[in-house]
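Colleague: protein.cif is reproduced below (mmCIF, C-alpha atoms).
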data_target
loop_
_atom_site.group_PDB
_atom_site.id
_atom_site.type_symbol
_atom_site.label_atom_id
_atom_site.label_comp_id
_atom_site.auth_asym_id
_atom_site.auth_seq_id
_atom_site.Cartn_x
_atom_site.Cartn_y
_atom_site.Cartn_z
ATOM 1 C CA MET A 2 13.993 3.903 4.854
ATOM 2 C CA THR A 3 14.063 7.012 7.046
ATOM 3 C CA LYS A 4 11.604 9.693 5.972
ATOM 4 C CA THR A 5 11.470 13.367 6.926
ATOM 5 C CA TRP A 6 8.298 15.259 7.784
ATOM 6 C CA GLU A 7 8.659 16.980 4.401
ATOM 7 C CA GLN A 8 8.583 13.624 2.596
ATOM 8 C CA LEU A 9 5.637 12.439 4.680
ATOM 9 C CA THR A 10 3.807 15.691 3.891
ATOM 10 C CA LEU A 11 3.898 14.776 0.199
ATOM 11 C CA MET A 12 2.139 11.510 1.081
ATOM 12 C CA GLN A 13 -0.337 12.760 3.697
ATOM 13 C CA PRO A 14 -0.432 16.592 3.806
ATOM 14 C CA ILE A 15 -3.436 17.033 6.119
ATOM 15 C CA ALA A 16 -2.519 14.428 8.740
ATOM 16 C CA VAL A 17 1.116 15.525 8.848
ATOM 17 C CA LYS A 18 0.165 19.212 9.141
ATOM 18 C CA MET A 19 -1.962 18.447 12.210
ATOM 19 C CA LEU A 20 0.856 16.488 13.858
ATOM 20 C CA THR A 21 3.632 18.969 13.116
ATOM 21 C CA ASN A 22 1.467 21.854 14.355
ATOM 22 C CA SER A 23 0.895 19.992 17.617
ATOM 23 C CA ILE A 24 4.680 19.550 18.010
ATOM 24 C CA LEU A 25 5.408 23.227 17.323
ATOM 25 C CA LYS A 26 2.690 24.405 19.724
ATOM 26 C CA GLU A 27 3.675 21.780 22.318
ATOM 27 C CA ARG A 28 0.101 20.511 22.362
ATOM 28 C CA ILE A 29 0.683 16.854 21.633
ATOM 29 C CA SER A 30 -2.463 14.816 22.252
ATOM 30 C CA HIS A 31 -2.391 11.861 24.654
ATOM 31 C CA ALA A 32 -3.850 9.595 21.925
ATOM 32 C CA TYR A 33 -3.994 9.623 18.138
ATOM 33 C CA LEU A 34 -5.888 7.285 15.822
ATOM 34 C CA LEU A 35 -4.199 6.934 12.427
ATOM 35 C CA GLU A 36 -6.792 5.351 10.159
ATOM 36 C CA GLY A 37 -6.632 4.558 6.450
ATOM 37 C CA PRO A 38 -5.746 1.892 3.874
ATOM 38 C CA LYS A 39 -2.657 -0.288 4.143
ATOM 39 C CA GLY A 40 0.505 1.208 2.673
ATOM 40 C CA THR A 41 -0.416 4.869 3.189
ATOM 41 C CA GLY A 42 2.396 5.735 5.625
ATOM 42 C CA LYS A 43 0.702 5.282 9.016
ATOM 43 C CA LEU A 44 3.541 3.402 10.717
ATOM 44 C CA GLU A 45 6.226 5.660 9.223
ATOM 45 C CA THR A 46 4.308 8.694 10.509
ATOM 46 C CA ALA A 47 3.910 7.182 13.989
ATOM 47 C CA MET A 48 7.653 6.440 14.185
ATOM 48 C CA GLN A 49 8.461 9.947 12.948
ATOM 49 C CA MET A 50 6.198 11.370 15.662
ATOM 50 C CA ALA A 51 8.090 9.312 18.249
ATOM 51 C CA LYS A 52 11.380 10.704 16.953
ATOM 52 C CA SER A 53 10.097 14.277 17.210
ATOM 53 C CA ILE A 54 9.017 13.620 20.814
ATOM 54 C CA PHE A 55 12.348 12.121 21.898
ATOM 55 C CA CYS A 56 14.932 13.772 19.611
ATOM 56 C CA SER A 57 17.608 15.603 21.617
ATOM 57 C CA GLU A 58 18.483 17.866 18.661
ATOM 58 C CA LEU A 59 14.967 18.730 17.446
ATOM 59 C CA SER A 60 14.865 21.590 14.915
ATOM 60 C CA GLY A 61 11.344 23.024 14.927
ATOM 61 C CA PHE A 62 9.391 19.829 14.436
ATOM 62 C CA GLU A 63 12.021 17.919 12.419
ATOM 63 C CA PRO A 64 14.068 15.312 14.330
ATOM 64 C CA CYS A 65 17.777 15.127 13.547
ATOM 65 C CA HIS A 66 17.767 11.370 12.736
ATOM 66 C CA ALA A 67 21.326 11.241 14.098
ATOM 67 C CA CYS A 68 21.186 11.552 17.898
ATOM 68 C CA SER A 69 21.143 8.534 20.180
ATOM 69 C CA ASN A 70 17.354 8.650 20.612
ATOM 70 C CA CYS A 71 16.654 8.871 16.879
ATOM 71 C CA ARG A 72 19.052 6.042 16.082
ATOM 72 C CA ARG A 73 17.540 3.768 18.744
ATOM 73 C CA ILE A 74 14.017 4.491 17.525
ATOM 74 C CA GLU A 75 15.142 3.689 13.975
ATOM 75 C CA SER A 76 16.596 0.356 15.127
ATOM 76 C CA GLY A 77 13.567 -0.461 17.319
ATOM 77 C CA ASN A 78 15.567 -0.407 20.583
ATOM 78 C CA HIS A 79 14.331 2.680 22.433
ATOM 79 C CA PRO A 80 13.367 1.774 26.046
ATOM 80 C CA ASN A 81 10.479 4.276 26.229
ATOM 81 C CA ILE A 82 8.757 3.259 22.992
ATOM 82 C CA TYR A 83 6.498 0.210 22.966
ATOM 83 C CA VAL A 84 5.197 -1.238 19.689
ATOM 84 C CA LEU A 85 2.317 -3.683 19.990
ATOM 85 C CA LYS A 86 1.197 -6.034 17.189
ATOM 86 C CA PRO A 87 -1.420 -8.788 17.021
ATOM 87 C CA ASP A 88 -0.356 -12.057 18.607
ATOM 88 C CA GLY A 89 -1.669 -14.340 15.890
ATOM 89 C CA LEU A 90 -5.011 -13.043 14.663
ATOM 90 C CA SER A 91 -5.740 -10.643 17.524
ATOM 91 C CA ILE A 92 -4.324 -8.354 20.198
ATOM 92 C CA LYS A 93 -5.064 -9.993 23.527
ATOM 93 C CA LYS A 94 -5.823 -8.673 27.004
ATOM 94 C CA GLN A 95 -2.488 -9.987 28.326
ATOM 95 C CA GLN A 96 -0.635 -7.855 25.768
ATOM 96 C CA ILE A 97 -2.362 -4.681 26.981
ATOM 97 C CA HIS A 98 -1.596 -5.684 30.592
ATOM 98 C CA ALA A 99 2.080 -6.075 29.627
ATOM 99 C CA LEU A 100 1.982 -2.604 28.070
ATOM 100 C CA GLN A 101 0.470 -1.101 31.224
ATOM 101 C CA GLU A 102 3.017 -2.844 33.410
ATOM 102 C CA GLU A 103 5.871 -1.567 31.263
ATOM 103 C CA PHE A 104 4.543 1.979 31.411
ATOM 104 C CA SER A 105 4.065 1.872 35.174
ATOM 105 C CA LYS A 106 7.839 1.696 35.556
ATOM 106 C CA THR A 107 9.788 4.903 36.050
ATOM 107 C CA GLY A 108 11.845 5.713 32.978
ATOM 108 C CA LEU A 109 15.584 5.740 33.546
ATOM 109 C CA GLU A 110 16.188 8.377 30.872
ATOM 110 C CA SER A 111 12.894 10.223 30.522
ATOM 111 C CA ASN A 112 9.325 10.153 31.829
ATOM 112 C CA LYS A 113 8.063 10.563 28.265
ATOM 113 C CA LYS A 114 6.640 7.377 26.767
ATOM 114 C CA VAL A 115 5.091 6.458 23.416
ATOM 115 C CA TYR A 116 3.188 3.306 22.532
ATOM 116 C CA ILE A 117 2.162 2.336 19.017
ATOM 117 C CA ILE A 118 -0.551 -0.267 18.456
ATOM 118 C CA GLU A 119 -0.627 -1.707 14.938
ATOM 119 C CA HIS A 120 -3.940 -3.122 13.685
ATOM 120 C CA ALA A 121 -5.721 -1.663 16.716
ATOM 121 C CA ASP A 122 -9.039 -2.920 15.323
ATOM 122 C CA ARG A 123 -7.907 -6.481 16.047
ATOM 123 C CA MET A 124 -8.061 -6.070 19.817
ATOM 124 C CA THR A 125 -10.321 -8.564 21.537
ATOM 125 C CA ILE A 126 -13.214 -7.063 23.518
ATOM 126 C CA ASN A 127 -11.324 -7.678 26.760
ATOM 127 C CA ALA A 128 -8.164 -6.097 25.356
ATOM 128 C CA ALA A 129 -10.094 -3.074 24.093
ATOM 129 C CA ASN A 130 -11.805 -2.557 27.442
ATOM 130 C CA THR A 131 -8.459 -2.835 29.232
ATOM 131 C CA LEU A 132 -6.935 -0.257 26.889
ATOM 132 C CA LEU A 133 -9.948 1.993 27.434
ATOM 133 C CA LYS A 134 -9.156 2.238 31.146
ATOM 134 C CA PHE A 135 -5.595 3.168 30.197
ATOM 135 C CA LEU A 136 -6.854 5.911 27.865
ATOM 136 C CA GLU A 137 -9.298 7.234 30.461
ATOM 137 C CA GLU A 138 -6.426 8.071 32.819
ATOM 138 C CA PRO A 139 -3.909 9.639 30.440
ATOM 139 C CA SER A 140 -0.493 10.760 31.628
ATOM 140 C CA SER A 141 0.730 14.078 30.283
ATOM 141 C CA LYS A 142 3.984 12.316 29.388
ATOM 142 C CA THR A 143 2.402 9.403 27.509
ATOM 143 C CA THR A 144 1.378 9.437 23.837
ATOM 144 C CA ALA A 145 -0.614 6.646 22.199
ATOM 145 C CA MET A 146 -0.587 6.052 18.442
ATOM 146 C CA LEU A 147 -3.299 3.613 17.349
ATOM 147 C CA LEU A 148 -3.053 2.418 13.739
ATOM 148 C CA THR A 149 -5.947 0.831 11.875
ATOM 149 C CA GLU A 150 -7.359 0.087 8.444
ATOM 150 C CA ASN A 151 -10.821 -0.548 9.916
ATOM 151 C CA SER A 152 -11.729 2.094 12.481
ATOM 152 C CA HIS A 153 -15.419 1.112 12.212
ATOM 153 C CA GLN A 154 -14.541 -2.155 13.974
ATOM 154 C CA MET A 155 -13.236 -0.362 17.074
ATOM 155 C CA LEU A 156 -15.138 0.621 20.216
ATOM 156 C CA ASN A 157 -16.728 4.058 19.951
ATOM 157 C CA THR A 158 -15.522 4.781 23.473
ATOM 158 C CA ILE A 159 -11.915 4.340 22.303
ATOM 159 C CA LEU A 160 -12.454 6.398 19.154
ATOM 160 C CA SER A 161 -13.915 9.245 21.201
ATOM 161 C CA ARG A 162 -10.729 9.466 23.296
ATOM 162 C CA CYS A 163 -8.405 9.748 20.294
ATOM 163 C CA GLN A 164 -7.657 12.522 17.852
ATOM 164 C CA THR A 165 -8.420 10.908 14.494
ATOM 165 C CA LEU A 166 -6.111 11.456 11.521
ATOM 166 C CA THR A 167 -7.316 10.040 8.204
ATOM 167 C CA PHE A 168 -4.704 8.737 5.765
ATOM 168 C CA ARG A 169 -5.738 8.895 2.106
ATOM 169 C CA PRO A 170 -4.723 6.471 -0.675
ATOM 170 C CA LEU A 171 -1.606 7.652 -2.515
ATOM 171 C CA SER A 172 -2.012 9.236 -5.955
ATOM 172 C CA LYS A 173 -0.591 7.331 -8.936
ATOM 173 C CA GLU A 174 2.020 10.043 -9.543
ATOM 174 C CA LEU A 175 3.225 10.043 -5.947
ATOM 175 C CA LEU A 176 3.314 6.255 -5.809
ATOM 176 C CA ILE A 177 5.494 6.164 -8.945
ATOM 177 C CA GLN A 178 7.840 8.755 -7.408
ATOM 178 C CA GLN A 179 8.131 6.772 -4.167
ATOM 179 C CA LEU A 180 8.929 3.575 -6.067
ATOM 180 C CA GLN A 181 11.514 5.296 -8.258
ATOM 181 C CA LEU A 182 13.248 6.652 -5.138
ATOM 182 C CA GLN A 183 13.837 3.015 -4.225
ATOM 183 C CA GLY A 184 15.591 2.338 -7.518
ATOM 184 C CA ILE A 185 12.598 0.804 -9.322
ATOM 185 C CA SER A 186 12.391 1.611 -13.036
ATOM 186 C CA HIS A 187 9.691 3.969 -14.239
ATOM 187 C CA ALA A 188 8.245 1.222 -16.479
ATOM 188 C CA PHE A 189 7.699 -1.166 -13.583
ATOM 189 C CA ALA A 190 6.633 1.585 -11.171
ATOM 190 C CA ALA A 191 4.019 2.905 -13.606
ATOM 191 C CA THR A 192 2.562 -0.583 -14.136
ATOM 192 C CA ALA A 193 2.439 -1.379 -10.402
ATOM 193 C CA ALA A 194 0.857 2.006 -9.619
ATOM 194 C CA GLN A 195 -2.041 1.166 -11.926
ATOM 195 C CA LEU A 196 -2.651 -2.127 -10.130
ATOM 196 C CA THR A 197 -2.624 -0.821 -6.547
ATOM 197 C CA ASN A 198 -2.367 2.424 -4.544
ATOM 198 C CA ASN A 199 -0.747 0.526 -1.674
ATOM 199 C CA ILE A 200 2.970 1.319 -1.660
ATOM 200 C CA GLU A 201 3.883 -1.916 0.139
ATOM 201 C CA GLU A 202 1.994 -4.022 -2.372
ATOM 202 C CA ALA A 203 3.491 -2.035 -5.264
ATOM 203 C CA GLN A 204 6.993 -2.642 -3.872
ATOM 204 C CA ASN A 205 6.281 -6.358 -3.610
ATOM 205 C CA PHE A 206 5.075 -6.412 -7.216
ATOM 206 C CA CYS A 207 8.172 -4.650 -8.523
ATOM 207 C CA ASN A 208 10.578 -6.867 -6.587
ATOM 208 C CA ASP A 209 8.861 -10.099 -7.618
ATOM 209 C CA GLU A 210 10.245 -12.073 -10.568
ATOM 210 C CA TRP A 211 6.728 -13.444 -11.183
ATOM 211 C CA PHE A 212 5.481 -9.892 -11.801
ATOM 212 C CA ALA A 213 8.335 -9.163 -14.237
ATOM 213 C CA GLN A 214 7.563 -12.318 -16.219
ATOM 214 C CA ALA A 215 3.821 -11.572 -16.116
ATOM 215 C CA ARG A 216 4.433 -8.119 -17.576
ATOM 216 C CA THR A 217 6.560 -9.619 -20.368
ATOM 217 C CA LEU A 218 3.899 -12.240 -21.189
ATOM 218 C CA VAL A 219 1.137 -9.624 -21.373
ATOM 219 C CA ILE A 220 3.207 -7.540 -23.809
ATOM 220 C CA LYS A 221 3.992 -10.633 -25.899
ATOM 221 C CA LEU A 222 0.321 -11.652 -26.058
ATOM 222 C CA CYS A 223 -0.650 -8.205 -27.266
ATOM 223 C CA GLU A 224 2.104 -8.349 -29.883
ATOM 224 C CA VAL A 225 1.238 -11.748 -31.359
ATOM 225 C CA LEU A 226 -2.463 -10.898 -31.460
ATOM 226 C CA GLY A 227 -1.705 -7.617 -33.183
ATOM 227 C CA LYS A 228 0.646 -9.160 -35.727
ATOM 228 C CA ASP A 229 -1.373 -12.356 -36.226
ATOM 229 C CA THR A 230 1.723 -14.528 -35.856
ATOM 230 C CA SER A 231 1.829 -18.275 -35.403
ATOM 231 C CA SER A 232 3.390 -18.120 -31.926
ATOM 232 C CA LEU A 233 0.027 -17.611 -30.220
ATOM 233 C CA PHE A 234 -0.084 -21.256 -29.080
ATOM 234 C CA PHE A 235 3.299 -20.790 -27.388
ATOM 235 C CA VAL A 236 2.027 -17.728 -25.519
ATOM 236 C CA GLN A 237 -1.166 -19.533 -24.501
ATOM 237 C CA GLU A 238 0.909 -22.369 -23.070
ATOM 238 C CA LYS A 239 3.149 -19.949 -21.186
ATOM 239 C CA TRP A 240 0.143 -18.018 -19.862
ATOM 240 C CA GLY A 241 -1.534 -21.157 -18.581
ATOM 241 C CA LYS A 242 1.517 -22.090 -16.527
ATOM 242 C CA HIS A 243 2.311 -18.585 -15.270
ATOM 243 C CA PHE A 244 -1.212 -17.448 -14.382
ATOM 244 C CA ALA A 245 -2.157 -20.671 -12.643
ATOM 245 C CA ASP A 246 -4.779 -19.426 -10.199
ATOM 246 C CA LYS A 247 -7.621 -16.938 -10.072
ATOM 247 C CA GLU A 248 -5.696 -14.173 -8.312
ATOM 248 C CA GLN A 249 -2.757 -14.393 -10.705
ATOM 249 C CA LEU A 250 -5.001 -14.365 -13.762
ATOM 250 C CA GLN A 251 -6.849 -11.308 -12.396
ATOM 251 C CA ILE A 252 -3.516 -9.472 -12.248
ATOM 252 C CA GLY A 253 -2.730 -10.624 -15.783
ATOM 253 C CA LEU A 254 -6.111 -9.423 -17.043
ATOM 254 C CA ASP A 255 -5.651 -6.080 -15.286
ATOM 255 C CA MET A 256 -2.342 -5.625 -17.120
ATOM 256 C CA LEU A 257 -3.973 -6.698 -20.379
ATOM 257 C CA LEU A 258 -6.633 -4.017 -19.847
ATOM 258 C CA LEU A 259 -3.866 -1.441 -19.387
ATOM 259 C CA ILE A 260 -2.184 -2.611 -22.615
ATOM 260 C CA TYR A 261 -5.353 -2.191 -24.680
ATOM 261 C CA LYS A 262 -6.054 1.180 -23.102
ATOM 262 C CA ASP A 263 -2.516 2.201 -24.077
ATOM 263 C CA LEU A 264 -3.171 1.118 -27.666
ATOM 264 C CA LEU A 265 -6.217 3.386 -27.694
ATOM 265 C CA TYR A 266 -4.329 6.301 -26.112
ATOM 266 C CA VAL A 267 -1.562 6.013 -28.741
ATOM 267 C CA GLN A 268 -4.103 6.063 -31.573
ATOM 268 C CA LEU A 269 -5.824 9.100 -30.043
ATOM 269 C CA GLY A 270 -2.493 10.896 -29.569
ATOM 270 C CA GLU A 271 -2.864 10.925 -25.764
ATOM 271 C CA ASN A 272 0.614 9.574 -25.084
ATOM 272 C CA GLU A 273 0.748 11.240 -21.661
ATOM 273 C CA ASN A 274 -1.793 8.670 -20.443
ATOM 274 C CA VAL A 275 0.185 5.617 -21.606
ATOM 275 C CA THR A 276 1.230 3.236 -18.792
ATOM 276 C CA PHE A 277 3.606 0.962 -20.747
ATOM 277 C CA LEU A 278 5.741 3.876 -21.978
ATOM 278 C CA ASP A 279 8.635 1.539 -22.812
ATOM 279 C CA GLN A 280 6.391 -0.215 -25.360
ATOM 280 C CA GLN A 281 5.138 2.850 -27.226
ATOM 281 C CA SER A 282 7.003 2.016 -30.443
ATOM 282 C CA LEU A 283 5.482 -1.472 -30.375
ATOM 283 C CA PHE A 284 1.979 -0.062 -29.952
ATOM 284 C CA GLU A 285 2.504 2.239 -32.933
ATOM 285 C CA SER A 286 3.536 -0.737 -35.091
ATOM 286 C CA LEU A 287 0.495 -2.900 -34.335
ATOM 287 C CA SER A 288 -2.512 -2.957 -36.663
ATOM 288 C CA TYR A 289 -5.397 -2.633 -34.208
ATOM 289 C CA SER A 290 -8.540 -0.746 -35.213
ATOM 290 C CA GLN A 291 -10.278 1.300 -32.536
ATOM 291 C CA LYS A 292 -13.320 -0.964 -32.926
ATOM 292 C CA ARG A 293 -11.154 -4.017 -32.187
ATOM 293 C CA ILE A 294 -9.586 -2.339 -29.159
ATOM 294 C CA VAL A 295 -12.976 -1.412 -27.676
ATOM 295 C CA SER A 296 -14.200 -4.968 -28.287
ATOM 296 C CA ALA A 297 -11.077 -6.346 -26.566
ATOM 297 C CA LEU A 298 -11.605 -4.139 -23.519
ATOM 298 C CA SER A 299 -15.189 -5.375 -23.273
ATOM 299 C CA ASN A 300 -14.098 -9.016 -23.555
ATOM 300 C CA ILE A 301 -11.406 -8.629 -20.875
ATOM 301 C CA LEU A 302 -13.881 -7.034 -18.462
ATOM 302 C CA GLU A 303 -16.314 -9.871 -19.123
ATOM 303 C CA ALA A 304 -13.531 -12.416 -18.381
ATOM 304 C CA LYS A 305 -12.777 -10.649 -15.086
ATOM 305 C CA ASN A 306 -16.446 -10.827 -14.118
ATOM 306 C CA ARG A 307 -16.566 -14.531 -14.945
ATOM 307 C CA LEU A 308 -13.521 -15.142 -12.751
ATOM 308 C CA ASN A 309 -15.248 -13.329 -9.883
ATOM 309 C CA ALA A 310 -18.180 -15.684 -10.414
ATOM 310 C CA ASN A 311 -15.772 -18.616 -9.884
ATOM 311 C CA ALA A 312 -15.633 -19.816 -13.490
ATOM 312 C CA ASN A 313 -12.797 -22.190 -14.468
ATOM 313 C CA VAL A 314 -9.550 -20.214 -14.758
ATOM 314 C CA GLN A 315 -8.146 -22.049 -17.799
ATOM 315 C CA LEU A 316 -11.469 -22.003 -19.633
ATOM 316 C CA VAL A 317 -11.921 -18.274 -19.050
ATOM 317 C CA PHE A 318 -8.484 -17.495 -20.492
ATOM 318 C CA GLU A 319 -8.802 -19.810 -23.513
ATOM 319 C CA GLN A 320 -12.155 -18.315 -24.469
ATOM 320 C CA LEU A 321 -10.799 -14.813 -23.997
ATOM 321 C CA VAL A 322 -7.795 -15.443 -26.282
ATOM 322 C CA LEU A 323 -10.091 -16.815 -29.006
ATOM 323 C CA ARG A 324 -12.264 -13.695 -28.803
ATOM 324 C CA LEU A 325 -9.251 -11.387 -28.837
ATOM 325 C CA GLN A 326 -7.850 -13.245 -31.841
ATOM 326 C CA GLU A 327 -11.148 -12.975 -33.701
ATOM 327 C CA GLY A 328 -11.254 -9.260 -32.961
#
Starting from the file, give its structure as structure tokens.
Modeller:
Amino acid sequence: MTKTWEQLTLMQPIAVKMLTNSILKERISHAYLLEGPKGTGKLETAMQMAKSIFCSELSGFEPCHACSNCRRIESGNHPNIYVLKPDGLSIKKQQIHALQEEFSKTGLESNKKVYIIEHADRMTINAANTLLKFLEEPSSKTTAMLLTENSHQMLNTILSRCQTLTFRPLSKELLIQQLQLQGISHAFAATAAQLTNNIEEAQNFCNDEWFAQARTLVIKLCEVLGKDTSSLFFVQEKWGKHFADKEQLQIGLDMLLLIYKDLLYVQLGENENVTFLDQQSLFESLSYSQKRIVSALSNILEAKNRLNANANVQLVFEQLVLRLQEG
């Protein structure tokens, strides 16, 4: 989805301010390093920078998103923009050579060129040294955008030749807003935002039927435990099949932690902190004492620690349910 500089500013105000100032002052650096966690808008920002450099109808620093250059950048077909990704597990020397060869050609439309290297930390030593020579002889018409989640794994000589822009994890509120803009319900967005601050991962959660069923099962477990009904065995059976491996059960336990925290927030009258807002009436109907809630939170954290210590997944869950049932 196309983003404007204004939208990107909400995500990464400091990094975007530095880039837009460089566009306005016509002092665009020959190389930028965009470093930060996955899902924080690095690639979107790099593509937006490319649009601002090539847009034929630029207004201040905002590209028009409608001219031929903007449309081709959006579709990935601009002849003067080169995007490089790892070939398998790494970026190889031959890939950097291909980049250099491409950029040695005279542009038919413009001498301006932009190259974007995703996962720049995955360059082999030979590839990194080859790129270093390229960076040491910068063209005034060439802009490099190096993207990485692990800048500490890159050569210091490369880092020293780039202007570094640090991308921060998204806040929970902003992540929820971004997800809702994509048509995701507030209930799902709020749950996903508590499990990750990576917008890509949150999107994958919300669009995954497994996640929807997991959320329903966690709510049902909380309900039957709170009402002491006889359907607990049914829920246990469903849980065992749905949360089949360690990673899945960790997600389930994280959601269960959120549920019990919500129960506590409702009892304390702190409804603004509730994650499962669509279940507030249920929480108010359940007969949980604060002592039982605190005990449950402790037991869930202990189960998570046991999973991290490679305990049996099924055994961990069965013992946890018994403890939660006992209160």
Colleague: Can you work out which one of A:Ile92, A:Leu147, A:Leu265, A:Ala47 has the shortest atom-to-atom distance to Ser290 in chain A, counting all atoms listed in the file?
Modeller: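 Of A:Ile92, A:Leu147, A:Leu265, A:Ala47, the one nearest Ser290 in chain A, counting all atoms listed in the file, is A:Leu265.
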Colleague: For CA of Ala128 in chain A and CA of Lys114 in chain A, quote the distance in Å rounded to one decimal.
Modeller: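 According to the coordinates, CA of Ala128 in chain A and CA of Lys114 in chain A are separated by 20.1 Å.
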Colleague: Need the axis-aligned box for range 155-168 of chain A with 8 Å each side, so what are the centre and edges in Å to one decimal, as AutoDock Vina command-line options?
Modeller:
--center_x -10.7 --center_y 6.1 --center_z 14.6 --size_x 28.0 --size_y 28.9 --size_z 33.7
Colleague: Please indicate the distance in Å from CA of Lys86 in chain A to CA of Glu119 in chain A, rounded to one decimal place.
Modeller: 5.2 Å
Colleague: Please, what distance in Å, to one decimal, runs between CA of Thr41 in chain A and CA of Thr167 in chain A?
Modeller: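 Going from CA of Thr41 in chain A over to CA of Thr167 in chain A covers 10.0 Å.
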Colleague: Residues within 10 Å of range 184-197 of chain A, please, as a short mmCIF file (atom, residue, chain, number, x, y, z; two decimals) with C-alpha atoms, in the frame of the given file. Count only C-alpha atoms; anything in the same chain fewer than 2 positions from it doesn't count.
Modeller:
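What ended up in around.cif:
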data_model
loop_
_atom_site.label_atom_id
_atom_site.label_comp_id
_atom_site.auth_asym_id
_atom_site.auth_seq_id
_atom_site.Cartn_x
_atom_site.Cartn_y
_atom_site.Cartn_z
CA GLY A 40 0.50 1.21 2.67
CA PRO A 170 -4.72 6.47 -0.68
CA LEU A 171 -1.61 7.65 -2.52
CA SER A 172 -2.01 9.24 -5.96
CA LYS A 173 -0.59 7.33 -8.94
CA GLU A 174 2.02 10.04 -9.54
CA LEU A 175 3.22 10.04 -5.95
CA LEU A 176 3.31 6.26 -5.81
CA ILE A 177 5.49 6.16 -8.94
CA GLN A 178 7.84 8.76 -7.41
CA GLN A 179 8.13 6.77 -4.17
CA LEU A 180 8.93 3.58 -6.07
CA GLN A 181 11.51 5.30 -8.26
CA LEU A 182 13.25 6.65 -5.14
CA ASN A 199 -0.75 0.53 -1.67
CA ILE A 200 2.97 1.32 -1.66
CA GLU A 201 3.88 -1.92 0.14
CA GLU A 202 1.99 -4.02 -2.37
CA ALA A 203 3.49 -2.04 -5.26
CA GLN A 204 6.99 -2.64 -3.87
CA ASN A 205 6.28 -6.36 -3.61
CA PHE A 206 5.08 -6.41 -7.22
CA CYS A 207 8.17 -4.65 -8.52
CA ASN A 208 10.58 -6.87 -6.59
CA PHE A 212 5.48 -9.89 -11.80
CA ALA A 213 8.34 -9.16 -14.24
CA ARG A 216 4.43 -8.12 -17.58
CA ILE A 252 -3.52 -9.47 -12.25
CA ASP A 255 -5.65 -6.08 -15.29
CA MET A 256 -2.34 -5.62 -17.12
CA LEU A 259 -3.87 -1.44 -19.39
CA ILE A 260 -2.18 -2.61 -22.62
CA VAL A 275 0.18 5.62 -21.61
CA THR A 276 1.23 3.24 -18.79
CA PHE A 277 3.61 0.96 -20.75
CA LEU A 278 5.74 3.88 -21.98
CA ASP A 279 8.64 1.54 -22.81
CA GLN A 280 6.39 -0.22 -25.36
#
Colleague: Please evaluate the PyMOL selection byres ((chain A and resi 140) around 12) against the displayed coordinates and give the resulting residues as number ranges by chain.
Modeller: A: 29-32, 101, 104-105, 112-115, 135-139, 141-145
Colleague: List the residues selected by the PyMOL selection byres ((chain A and resi 84) around 7) in the file shown, writing them as a list in words.
Modeller: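 Evaluating the PyMOL selection byres ((chain A and resi 84) around 7) on this file yields Ile82, Tyr83, Leu85, Lys86, Tyr116, Ile117 and Ile118 of chain A.
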Colleague: For Met50 in chain A, which residue out of A:Asn127, A:Thr21, A:Gln326, A:Gln8 is the nearest one, using all atoms listed in the file?
Modeller: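 So, comparing all the options, the nearest one is A:Thr21.
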Colleague: Taking only C-alpha atoms into account, which of A:Gln281, A:Ile74, A:Asp246, A:Glu58 comes nearest Val267 in chain A?
Modeller: A:Gln281
Colleague: Using only C-alpha atoms, which residues sit within 10 Å of range 221-228 of chain A once same-chain residues fewer than 2 positions away are excluded, as a ChimeraX atom specification?
Modeller: /A:215-219,230-237,240,257,260-261,264,283-284,286-290,322-323,325-328
Colleague: Go through the shown structure with the PyMOL selection byres ((chain A and resi 303) around 12) and write out the matching residues as a PyMOL selection string.
Modeller: chain A and resi 251+254-255+258+296-302+304-310+312+317-318+320-321+324
